[in-house]
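**Student:** My file is coords-v3.pdb. It has PDB, C-alpha atoms:
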ATOM      1  CA  MET H   1      82.154   9.375  43.654  1.00  0.00           C
ATOM      2  CA  ARG H   2      82.939   7.272  40.571  1.00  0.00           C
ATOM      3  CA  ALA H   3      80.727   7.418  37.510  1.00  0.00           C
ATOM      4  CA  GLY H   4      79.538   3.830  38.098  1.00  0.00           C
ATOM      5  CA  ALA H   5      78.558   4.685  41.644  1.00  0.00           C
ATOM      6  CA  THR H   6      75.740   6.995  40.527  1.00  0.00           C
ATOM      7  CA  GLY H   7      73.606   4.022  39.477  1.00  0.00           C
ATOM      8  CA  ALA H   8      74.188   2.358  42.832  1.00  0.00           C
ATOM      9  CA  MET H   9      73.410   5.615  44.623  1.00  0.00           C
ATOM     10  CA  LEU H  10      70.100   5.897  42.781  1.00  0.00           C
ATOM     11  CA  GLN H  11      69.251   2.312  43.699  1.00  0.00           C
ATOM     12  CA  VAL H  12      69.983   2.993  47.387  1.00  0.00           C
ATOM     13  CA  LEU H  13      67.737   6.057  47.146  1.00  0.00           C
ATOM     14  CA  ARG H  14      64.930   4.015  45.569  1.00  0.00           C
ATOM     15  CA  ASP H  15      65.331   1.228  48.152  1.00  0.00           C
ATOM     16  CA  ALA H  16      65.082   3.754  50.979  1.00  0.00           C
ATOM     17  CA  LEU H  17      61.917   5.169  49.442  1.00  0.00           C
ATOM     18  CA  GLU H  18      60.401   1.694  49.126  1.00  0.00           C
ATOM     19  CA  ARG H  19      61.142   1.044  52.816  1.00  0.00           C
ATOM     20  CA  GLY H  20      59.141   4.135  53.733  1.00  0.00           C
ATOM     21  CA  CYS H  21      61.884   6.714  54.197  1.00  0.00           C
ATOM     22  CA  ARG H  22      60.602  10.226  53.792  1.00  0.00           C
ATOM     23  CA  PRO H  23      63.053  11.922  51.508  1.00  0.00           C
ATOM     24  CA  ASP H  24      63.554  15.648  51.444  1.00  0.00           C
ATOM     25  CA  VAL H  25      65.116  18.094  49.044  1.00  0.00           C
ATOM     26  CA  VAL H  26      68.456  17.927  50.910  1.00  0.00           C
ATOM     27  CA  LEU H  27      68.745  14.188  50.262  1.00  0.00           C
ATOM     28  CA  PHE H  28      67.930  14.586  46.591  1.00  0.00           C
ATOM     29  CA  ASN H  29      70.272  17.564  46.210  1.00  0.00           C
ATOM     30  CA  ALA H  30      73.096  15.481  47.660  1.00  0.00           C
ATOM     31  CA  ALA H  31      72.409  12.834  45.030  1.00  0.00           C
ATOM     32  CA  LEU H  32      72.328  15.509  42.329  1.00  0.00           C
ATOM     33  CA  SER H  33      75.625  16.970  43.523  1.00  0.00           C
ATOM     34  CA  GLY H  34      77.179  13.537  43.160  1.00  0.00           C
ATOM     35  CA  CYS H  35      75.843  13.272  39.628  1.00  0.00           C
ATOM     36  CA  SER H  36      77.267  16.686  38.850  1.00  0.00           C
ATOM     37  CA  ARG H  37      80.694  15.828  40.244  1.00  0.00           C
ATOM     38  CA  VAL H  38      81.009  12.830  37.946  1.00  0.00           C
ATOM     39  CA  SER H  39      79.439  14.553  34.926  1.00  0.00           C
ATOM     40  CA  ALA H  40      76.394  12.274  34.839  1.00  0.00           C
ATOM     41  CA  PRO H  41      73.575  14.493  33.527  1.00  0.00           C
ATOM     42  CA  SER H  42      71.321  11.581  32.550  1.00  0.00           C
ATOM     43  CA  ARG H  43      71.488  10.263  36.114  1.00  0.00           C
ATOM     44  CA  ALA H  44      70.846  13.786  37.431  1.00  0.00           C
ATOM     45  CA  LEU H  45      67.710  13.979  35.319  1.00  0.00           C
ATOM     46  CA  ASP H  46      66.685  10.571  36.722  1.00  0.00           C
ATOM     47  CA  VAL H  47      67.005  12.050  40.223  1.00  0.00           C
ATOM     48  CA  LEU H  48      64.803  14.996  39.220  1.00  0.00           C
ATOM     49  CA  ARG H  49      62.171  12.597  37.867  1.00  0.00           C
ATOM     50  CA  GLU H  50      62.346  10.609  41.115  1.00  0.00           C
ATOM     51  CA  MET H  51      61.833  13.823  43.096  1.00  0.00           C
ATOM     52  CA  GLU H  52      58.763  14.600  41.017  1.00  0.00           C
ATOM     53  CA  ARG H  53      57.473  11.029  41.418  1.00  0.00           C
ATOM     54  CA  VAL H  54      57.631  11.151  45.224  1.00  0.00           C
ATOM     55  CA  GLY H  55      56.380  14.741  45.490  1.00  0.00           C
ATOM     56  CA  VAL H  56      59.528  16.494  46.697  1.00  0.00           C
ATOM     57  CA  PRO H  57      59.637  19.942  45.111  1.00  0.00           C
ATOM     58  CA  PRO H  58      63.020  21.000  43.738  1.00  0.00           C
ATOM     59  CA  ASN H  59      64.655  24.198  44.906  1.00  0.00           C
ATOM     60  CA  LEU H  60      67.217  26.498  43.286  1.00  0.00           C
ATOM     61  CA  ARG H  61      70.112  24.307  44.498  1.00  0.00           C
ATOM     62  CA  THR H  62      68.447  21.381  42.757  1.00  0.00           C
ATOM     63  CA  TYR H  63      68.487  23.262  39.486  1.00  0.00           C
ATOM     64  CA  CYS H  64      72.050  24.493  39.975  1.00  0.00           C
ATOM     65  CA  ALA H  65      73.241  20.897  40.407  1.00  0.00           C
ATOM     66  CA  LEU H  66      71.298  19.851  37.305  1.00  0.00           C
ATOM     67  CA  PHE H  67      72.702  22.747  35.274  1.00  0.00           C
ATOM     68  CA  ALA H  68      76.230  21.948  36.457  1.00  0.00           C
ATOM     69  CA  ALA H  69      75.883  18.310  35.400  1.00  0.00           C
ATOM     70  CA  LEU H  70      74.465  19.288  32.007  1.00  0.00           C
ATOM     71  CA  GLY H  71      77.117  21.972  31.536  1.00  0.00           C
ATOM     72  CA  LYS H  72      79.976  19.567  32.158  1.00  0.00           C
ATOM     73  CA  ARG H  73      78.737  17.555  29.181  1.00  0.00           C
ATOM     74  CA  LYS H  74      78.046  20.717  27.135  1.00  0.00           C
ATOM     75  CA  ARG H  75      74.330  19.947  26.966  1.00  0.00           C
ATOM     76  CA  MET H  76      73.382  23.596  27.181  1.00  0.00           C
ATOM     77  CA  ASP H  77      70.324  23.394  24.937  1.00  0.00           C
ATOM     78  CA  GLN H  78      68.868  20.926  27.420  1.00  0.00           C
ATOM     79  CA  ALA H  79      69.892  23.159  30.330  1.00  0.00           C
ATOM     80  CA  LEU H  80      68.146  26.161  28.754  1.00  0.00           C
ATOM     81  CA  SER H  81      65.013  24.100  28.147  1.00  0.00           C
ATOM     82  CA  LEU H  82      65.058  23.109  31.806  1.00  0.00           C
ATOM     83  CA  LEU H  83      65.530  26.779  32.761  1.00  0.00           C
ATOM     84  CA  ASP H  84      62.472  27.683  30.671  1.00  0.00           C
ATOM     85  CA  ALA H  85      60.413  24.998  32.409  1.00  0.00           C
ATOM     86  CA  MET H  86      61.694  25.772  35.896  1.00  0.00           C
ATOM     87  CA  PRO H  87      58.806  26.688  38.241  1.00  0.00           C
ATOM     88  CA  LEU H  88      61.063  28.952  40.328  1.00  0.00           C
ATOM     89  CA  GLU H  89      62.499  32.383  39.610  1.00  0.00           C
ATOM     90  CA  PRO H  90      66.202  31.929  38.812  1.00  0.00           C
ATOM     91  CA  ASP H  91      68.734  33.841  40.876  1.00  0.00           C
ATOM     92  CA  GLU H  92      72.370  34.821  40.395  1.00  0.00           C
ATOM     93  CA  HIS H  93      73.541  31.323  41.409  1.00  0.00           C
ATOM     94  CA  VAL H  94      71.448  29.723  38.676  1.00  0.00           C
ATOM     95  CA  PHE H  95      72.734  32.146  36.063  1.00  0.00           C
ATOM     96  CA  ALA H  96      76.363  31.789  37.200  1.00  0.00           C
ATOM     97  CA  THR H  97      76.063  27.998  37.011  1.00  0.00           C
ATOM     98  CA  LEU H  98      74.673  28.248  33.485  1.00  0.00           C
ATOM     99  CA  ILE H  99      77.477  30.634  32.497  1.00  0.00           C
ATOM    100  CA  GLY H 100      79.874  27.956  33.765  1.00  0.00           C
ATOM    101  CA  GLY H 101      78.250  25.510  31.357  1.00  0.00           C
ATOM    102  CA  PHE H 102      78.740  27.931  28.501  1.00  0.00           C
ATOM    103  CA  ARG H 103      82.362  28.249  29.619  1.00  0.00           C
ATOM    104  CA  GLN H 104      82.698  24.475  29.229  1.00  0.00           C
ATOM    105  CA  ALA H 105      81.164  24.775  25.755  1.00  0.00           C
ATOM    106  CA  LYS H 106      83.369  27.817  25.007  1.00  0.00           C
ATOM    107  CA  ASP H 107      80.301  29.775  23.894  1.00  0.00           C
ATOM    108  CA  GLY H 108      80.718  33.409  24.892  1.00  0.00           C
ATOM    109  CA  ALA H 109      77.868  34.642  22.698  1.00  0.00           C
ATOM    110  CA  ALA H 110      75.348  32.320  24.337  1.00  0.00           C
ATOM    111  CA  ALA H 111      76.604  33.365  27.772  1.00  0.00           C
ATOM    112  CA  GLN H 112      76.165  37.036  26.825  1.00  0.00           C
ATOM    113  CA  ALA H 113      72.597  36.310  25.735  1.00  0.00           C
ATOM    114  CA  LEU H 114      72.018  34.594  29.072  1.00  0.00           C
ATOM    115  CA  VAL H 115      73.323  37.638  30.987  1.00  0.00           C
ATOM    116  CA  ALA H 116      70.935  39.834  28.987  1.00  0.00           C
ATOM    117  CA  ARG H 117      68.125  37.413  29.852  1.00  0.00           C
ATOM    118  CA  ALA H 118      69.054  37.571  33.537  1.00  0.00           C
ATOM    119  CA  GLU H 119      69.033  41.354  33.514  1.00  0.00           C
ATOM    120  CA  ALA H 120      65.664  41.385  31.711  1.00  0.00           C
ATOM    121  CA  ALA H 121      64.345  39.084  34.458  1.00  0.00           C
ATOM    122  CA  GLY H 122      65.529  41.519  37.120  1.00  0.00           C
ATOM    123  CA  VAL H 123      68.706  39.665  38.083  1.00  0.00           C
ATOM    124  CA  PRO H 124      71.506  42.245  37.756  1.00  0.00           C
ATOM    125  CA  GLN H 125      75.150  41.511  37.059  1.00  0.00           C
ATOM    126  CA  THR H 126      76.742  40.553  40.374  1.00  0.00           C
ATOM    127  CA  ALA H 127      80.259  39.584  41.377  1.00  0.00           C
ATOM    128  CA  LEU H 128      79.191  35.942  40.997  1.00  0.00           C
ATOM    129  CA  THR H 129      77.839  36.216  37.458  1.00  0.00           C
ATOM    130  CA  GLY H 130      80.433  38.795  36.456  1.00  0.00           C
ATOM    131  CA  ASN H 131      83.336  36.637  37.568  1.00  0.00           C
ATOM    132  CA  ALA H 132      81.842  33.651  35.765  1.00  0.00           C
ATOM    133  CA  MET H 133      81.746  35.761  32.593  1.00  0.00           C
ATOM    134  CA  LEU H 134      85.306  37.035  33.126  1.00  0.00           C
ATOM    135  CA  HIS H 135      86.499  33.431  33.531  1.00  0.00           C
ATOM    136  CA  LEU H 136      84.725  32.454  30.324  1.00  0.00           C
ATOM    137  CA  ALA H 137      86.210  35.441  28.467  1.00  0.00           C
ATOM    138  CA  LEU H 138      89.696  34.440  29.608  1.00  0.00           C
ATOM    139  CA  ASP H 139      89.147  30.822  28.587  1.00  0.00           C
ATOM    140  CA  VAL H 140      87.982  31.729  25.091  1.00  0.00           C
ATOM    141  CA  GLY H 141      90.443  34.606  24.691  1.00  0.00           C
ATOM    142  CA  ASP H 142      87.732  37.192  24.056  1.00  0.00           C
ATOM    143  CA  ASP H 143      89.099  40.586  25.128  1.00  0.00           C
ATOM    144  CA  ALA H 144      85.961  42.420  23.999  1.00  0.00           C
ATOM    145  CA  LEU H 145      83.770  40.155  26.146  1.00  0.00           C
ATOM    146  CA  PHE H 146      86.137  40.668  29.080  1.00  0.00           C
ATOM    147  CA  ASP H 147      85.954  44.468  28.715  1.00  0.00           C
ATOM    148  CA  GLU H 148      82.179  44.419  28.222  1.00  0.00           C
ATOM    149  CA  THR H 149      81.732  42.288  31.335  1.00  0.00           C
ATOM    150  CA  LEU H 150      83.917  44.586  33.456  1.00  0.00           C
ATOM    151  CA  GLU H 151      81.958  47.578  32.177  1.00  0.00           C
ATOM    152  CA  GLY H 152      78.678  45.807  32.943  1.00  0.00           C
ATOM    153  CA  MET H 153      79.882  45.094  36.468  1.00  0.00           C
ATOM    154  CA  ARG H 154      80.881  48.739  36.949  1.00  0.00           C
ATOM    155  CA  HIS H 155      77.564  49.939  35.526  1.00  0.00           C
ATOM    156  CA  ALA H 156      75.643  47.643  37.896  1.00  0.00           C
ATOM    157  CA  GLY H 157      77.677  48.950  40.833  1.00  0.00           C
ATOM    158  CA  THR H 158      79.177  45.516  41.448  1.00  0.00           C
ATOM    159  CA  ALA H 159      82.142  45.730  43.802  1.00  0.00           C
ATOM    160  CA  ALA H 160      85.258  44.059  42.474  1.00  0.00           C
ATOM    161  CA  SER H 161      86.128  40.956  44.479  1.00  0.00           C
ATOM    162  CA  ASP H 162      89.512  39.317  44.908  1.00  0.00           C
ATOM    163  CA  LEU H 163      88.493  36.944  42.135  1.00  0.00           C
ATOM    164  CA  THR H 164      87.705  39.889  39.849  1.00  0.00           C
ATOM    165  CA  HIS H 165      91.186  41.253  40.501  1.00  0.00           C
ATOM    166  CA  ALA H 166      92.687  37.818  39.845  1.00  0.00           C
ATOM    167  CA  HIS H 167      90.921  37.703  36.478  1.00  0.00           C
ATOM    168  CA  ILE H 168      92.245  41.172  35.623  1.00  0.00           C
ATOM    169  CA  VAL H 169      95.785  40.109  36.562  1.00  0.00           C
ATOM    170  CA  ALA H 170      95.377  36.907  34.547  1.00  0.00           C
ATOM    171  CA  ARG H 171      94.395  38.915  31.502  1.00  0.00           C
ATOM    172  CA  ALA H 172      97.305  41.325  31.946  1.00  0.00           C
ATOM    173  CA  LEU H 173      99.828  38.529  32.375  1.00  0.00           C
ATOM    174  CA  GLY H 174      98.472  36.155  29.780  1.00  0.00           C
ATOM    175  CA  ALA H 175      97.336  32.635  30.565  1.00  0.00           C
ATOM    176  CA  SER H 176     100.730  30.910  30.799  1.00  0.00           C
ATOM    177  CA  GLU H 177     102.347  33.632  32.918  1.00  0.00           C
ATOM    178  CA  TYR H 178      99.309  33.675  35.195  1.00  0.00           C
ATOM    179  CA  ALA H 179      99.536  29.904  35.680  1.00  0.00           C
ATOM    180  CA  GLU H 180     103.216  30.282  36.604  1.00  0.00           C
ATOM    181  CA  ALA H 181     102.415  33.102  39.038  1.00  0.00           C
ATOM    182  CA  ARG H 182      99.667  31.028  40.701  1.00  0.00           C
ATOM    183  CA  THR H 183     102.032  28.068  41.038  1.00  0.00           C
ATOM    184  CA  ALA H 184     104.671  30.286  42.652  1.00  0.00           C
ATOM    185  CA  LEU H 185     102.091  31.728  45.066  1.00  0.00           C
ATOM    186  CA  ASP H 186     100.838  28.257  45.995  1.00  0.00           C
ATOM    187  CA  GLU H 187     104.339  27.023  46.907  1.00  0.00           C
TER     188      GLU H 187
END
Go ahead and render the structure in this file as structure tokens.
**Tutor:**
Amino acid sequence: MRAGATGAMLQVLRDALERGCRPDVVLFNAALSGCSRVSAPSRALDVLREMERVGVPPNLRTYCALFAALGKRKRMDQALSLLDAMPLEPDEHVFATLIGGFRQAKDGAAAQALVARAEAAGVPQTALTGNAMLHLALDVGDDALFDETLEGMRHAGTAASDLTHAHIVARALGASEYAEARTALDE
């Protein structure tokens, strides 16, 4: 989907509503995913407002798509405000998506604070959130954050996934050597 297509997509959605179509959360989430893919957070927020207008309650996937769109544009303050206002209890997918936004913004400290917030809310470190943090630590070159995240995963009893091992190998090799190794494996 091209960036200019999001406006047309929203118009098609509005036209369908005017013709009496009964939209559901799946339809709106598809529109939000499109907005996220093309980094169109303002359009994604328009979709959320349209959902509210027609009485379709958002679900956790709705918020993940919104957070992804906001994160791609490094609008993390807005994403955190939306998290605070969210009427649902966030899960590991929500927190991992937000960590991805902090990765885009290269803000390891804010991501660490978010992990602490997740744990305080009863959402423990999982392979999903842990790997998101490991990826961020690699991107920003923060060895201490990498080690702290691995320790947090061990402490939480999180089983290491293939992706966890790939992050560990990436750290051991260094970014450029890891990229070369991945290219060789993909050939």
**Student:** List as a PDB file with C-alpha atoms, in the coordinates of the input: which residues have an atom within 8 Å of (72.4, 12.6, 36.7), counting all atoms listed in the file?
**Tutor:**
ATOM      1  CA  THR H   6      75.740   6.995  40.527  1.00  0.00           C
ATOM      2  CA  LEU H  32      72.328  15.509  42.329  1.00  0.00           C
ATOM      3  CA  CYS H  35      75.843  13.272  39.628  1.00  0.00           C
ATOM      4  CA  SER H  36      77.267  16.686  38.850  1.00  0.00           C
ATOM      5  CA  SER H  39      79.439  14.553  34.926  1.00  0.00           C
ATOM      6  CA  ALA H  40      76.394  12.274  34.839  1.00  0.00           C
ATOM      7  CA  PRO H  41      73.575  14.493  33.527  1.00  0.00           C
ATOM      8  CA  SER H  42      71.321  11.581  32.550  1.00  0.00           C
ATOM      9  CA  ARG H  43      71.488  10.263  36.114  1.00  0.00           C
ATOM     10  CA  ALA H  44      70.846  13.786  37.431  1.00  0.00           C
ATOM     11  CA  LEU H  45      67.710  13.979  35.319  1.00  0.00           C
ATOM     12  CA  ASP H  46      66.685  10.571  36.722  1.00  0.00           C
ATOM     13  CA  VAL H  47      67.005  12.050  40.223  1.00  0.00           C
ATOM     14  CA  LEU H  66      71.298  19.851  37.305  1.00  0.00           C
ATOM     15  CA  ALA H  69      75.883  18.310  35.400  1.00  0.00           C
TER      16      ALA H  69
END
**Student:** Any chance you could resolve the PyMOL selection byres ((chain H and resi 142) around 12) against this file and give the residues as a PyMOL selection string?
**Tutor:** chain H and resi 103+106-109+112+133-141+143-149+171
**Student:** If you measure from atom CA of Ala111 of chain H to atom CA of Ile99 of chain H, what distance in Å do you get, rounded to one decimal?
**Tutor:**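 Taking atom CA of Ala111 of chain H as the start and atom CA of Ile99 of chain H as the end point, the length is 5.5 Å.
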**Student:** I need the residue set behind the PyMOL selection byres ((chain H and resi 61) around 12) for this file; please write it as a count of residues only.
**Tutor:** 30
**Student:** Can you measure atom CA of Thr164 of chain H to atom CA of Ala120 of chain H for me? One decimal in Å is fine.
**Tutor:**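 Between atom CA of Thr164 of chain H and atom CA of Ala120 of chain H the gap works out to 23.5 Å.
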**Student:** Identify, on the basis of all atoms listed in the file, every residue whose closest approach to His155 of chain H does not exceed 12 Å; exclude the query and any residue fewer than 3 positions from it along the same chain; express the result as JSON, numbers by chain.
**Tutor:** {"H": [124, 125, 126, 130, 148, 149, 150, 151, 152, 158, 159, 160]}
**Student:** So how many Å separate atom CA of Phe102 of chain H and atom CA of Val38 of chain H, to one decimal?
**Tutor:** 18.0 Å
**Student:** Pick from H:Leu114, H:Ala166, H:Ala96, H:Met51: nearest to Ala132 of chain H, with all atoms listed in the file counted?
**Tutor:**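 Using all atoms listed in the file, the shortest distance to Ala132 of chain H belongs to H:Ala96.
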**Student:** Identify which of the residues H:Gln104, H:Gln78, H:Gln11, H:Asn131 lies closest to His165 of chain H, counting all atoms listed in the file when measuring atom-to-atom distances.
**Tutor:**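 Answer, going by the shortest atom-to-atom distance: H:Asn131.
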**Student:** Under the PyMOL selection byres ((chain H and resi 14) around 12), which residues of this model are included? Write them out as a list in words.
**Tutor:**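 Output from the PyMOL selection byres ((chain H and resi 14) around 12), applied to this file: Gly7, Ala8, Met9, Leu10, Gln11, Val12, Leu13, Asp15, Ala16, Leu17, Glu18, Arg19, Gly20, Cys21, Arg22, Pro23, Leu27, Phe28, Ala31, Asp46, Val47, Arg49, Glu50, Met51, Arg53 and Val54 of chain H.
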**Student:** Write to file, as a CSV table (one decimal), in the frame of the given file, the residues of the selection just made, with C-alpha atoms.
**Tutor:**
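selection_15.csv, written as the output of this step:
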chain,number,residue,atom,x,y,z
H,7,GLY,CA,73.6,4.0,39.5
H,8,ALA,CA,74.2,2.4,42.8
H,9,MET,CA,73.4,5.6,44.6
H,10,LEU,CA,70.1,5.9,42.8
H,11,GLN,CA,69.3,2.3,43.7
H,12,VAL,CA,70.0,3.0,47.4
H,13,LEU,CA,67.7,6.1,47.1
H,15,ASP,CA,65.3,1.2,48.2
H,16,ALA,CA,65.1,3.8,51.0
H,17,LEU,CA,61.9,5.2,49.4
H,18,GLU,CA,60.4,1.7,49.1
H,19,ARG,CA,61.1,1.0,52.8
H,20,GLY,CA,59.1,4.1,53.7
H,21,CYS,CA,61.9,6.7,54.2
H,22,ARG,CA,60.6,10.2,53.8
H,23,PRO,CA,63.1,11.9,51.5
H,27,LEU,CA,68.7,14.2,50.3
H,28,PHE,CA,67.9,14.6,46.6
H,31,ALA,CA,72.4,12.8,45.0
H,46,ASP,CA,66.7,10.6,36.7
H,47,VAL,CA,67.0,12.0,40.2
H,49,ARG,CA,62.2,12.6,37.9
H,50,GLU,CA,62.3,10.6,41.1
H,51,MET,CA,61.8,13.8,43.1
H,53,ARG,CA,57.5,11.0,41.4
H,54,VAL,CA,57.6,11.2,45.2
**Student:** List the spatial neighbours of Leu80 of chain H as a CSV table (one decimal) with C-alpha atoms, in the frame of the given file - criterion: any atom at most 10 Å away, only C-alpha atoms, same-chain residues fewer than 3 positions off excluded.
**Tutor:**
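That gives us result29.csv:
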chain,number,residue,atom,x,y,z
H,67,PHE,CA,72.7,22.7,35.3
H,70,LEU,CA,74.5,19.3,32.0
H,75,ARG,CA,74.3,19.9,27.0
H,76,MET,CA,73.4,23.6,27.2
H,77,ASP,CA,70.3,23.4,24.9
H,83,LEU,CA,65.5,26.8,32.8
H,84,ASP,CA,62.5,27.7,30.7
H,85,ALA,CA,60.4,25.0,32.4
H,86,MET,CA,61.7,25.8,35.9
H,98,LEU,CA,74.7,28.2,33.5
H,114,LEU,CA,72.0,34.6,29.1
**Student:** Would you compute an axis-aligned box for segment 96-107 of chain H, covering every atom listed for it in the file with 8 Å of margin on each side, and report centre and edge lengths in Å to one decimal as JSON?
**Tutor:**
{"center_x": 79.0, "center_y": 28.1, "center_z": 30.5, "size_x": 24.7, "size_y": 23.3, "size_z": 29.3}
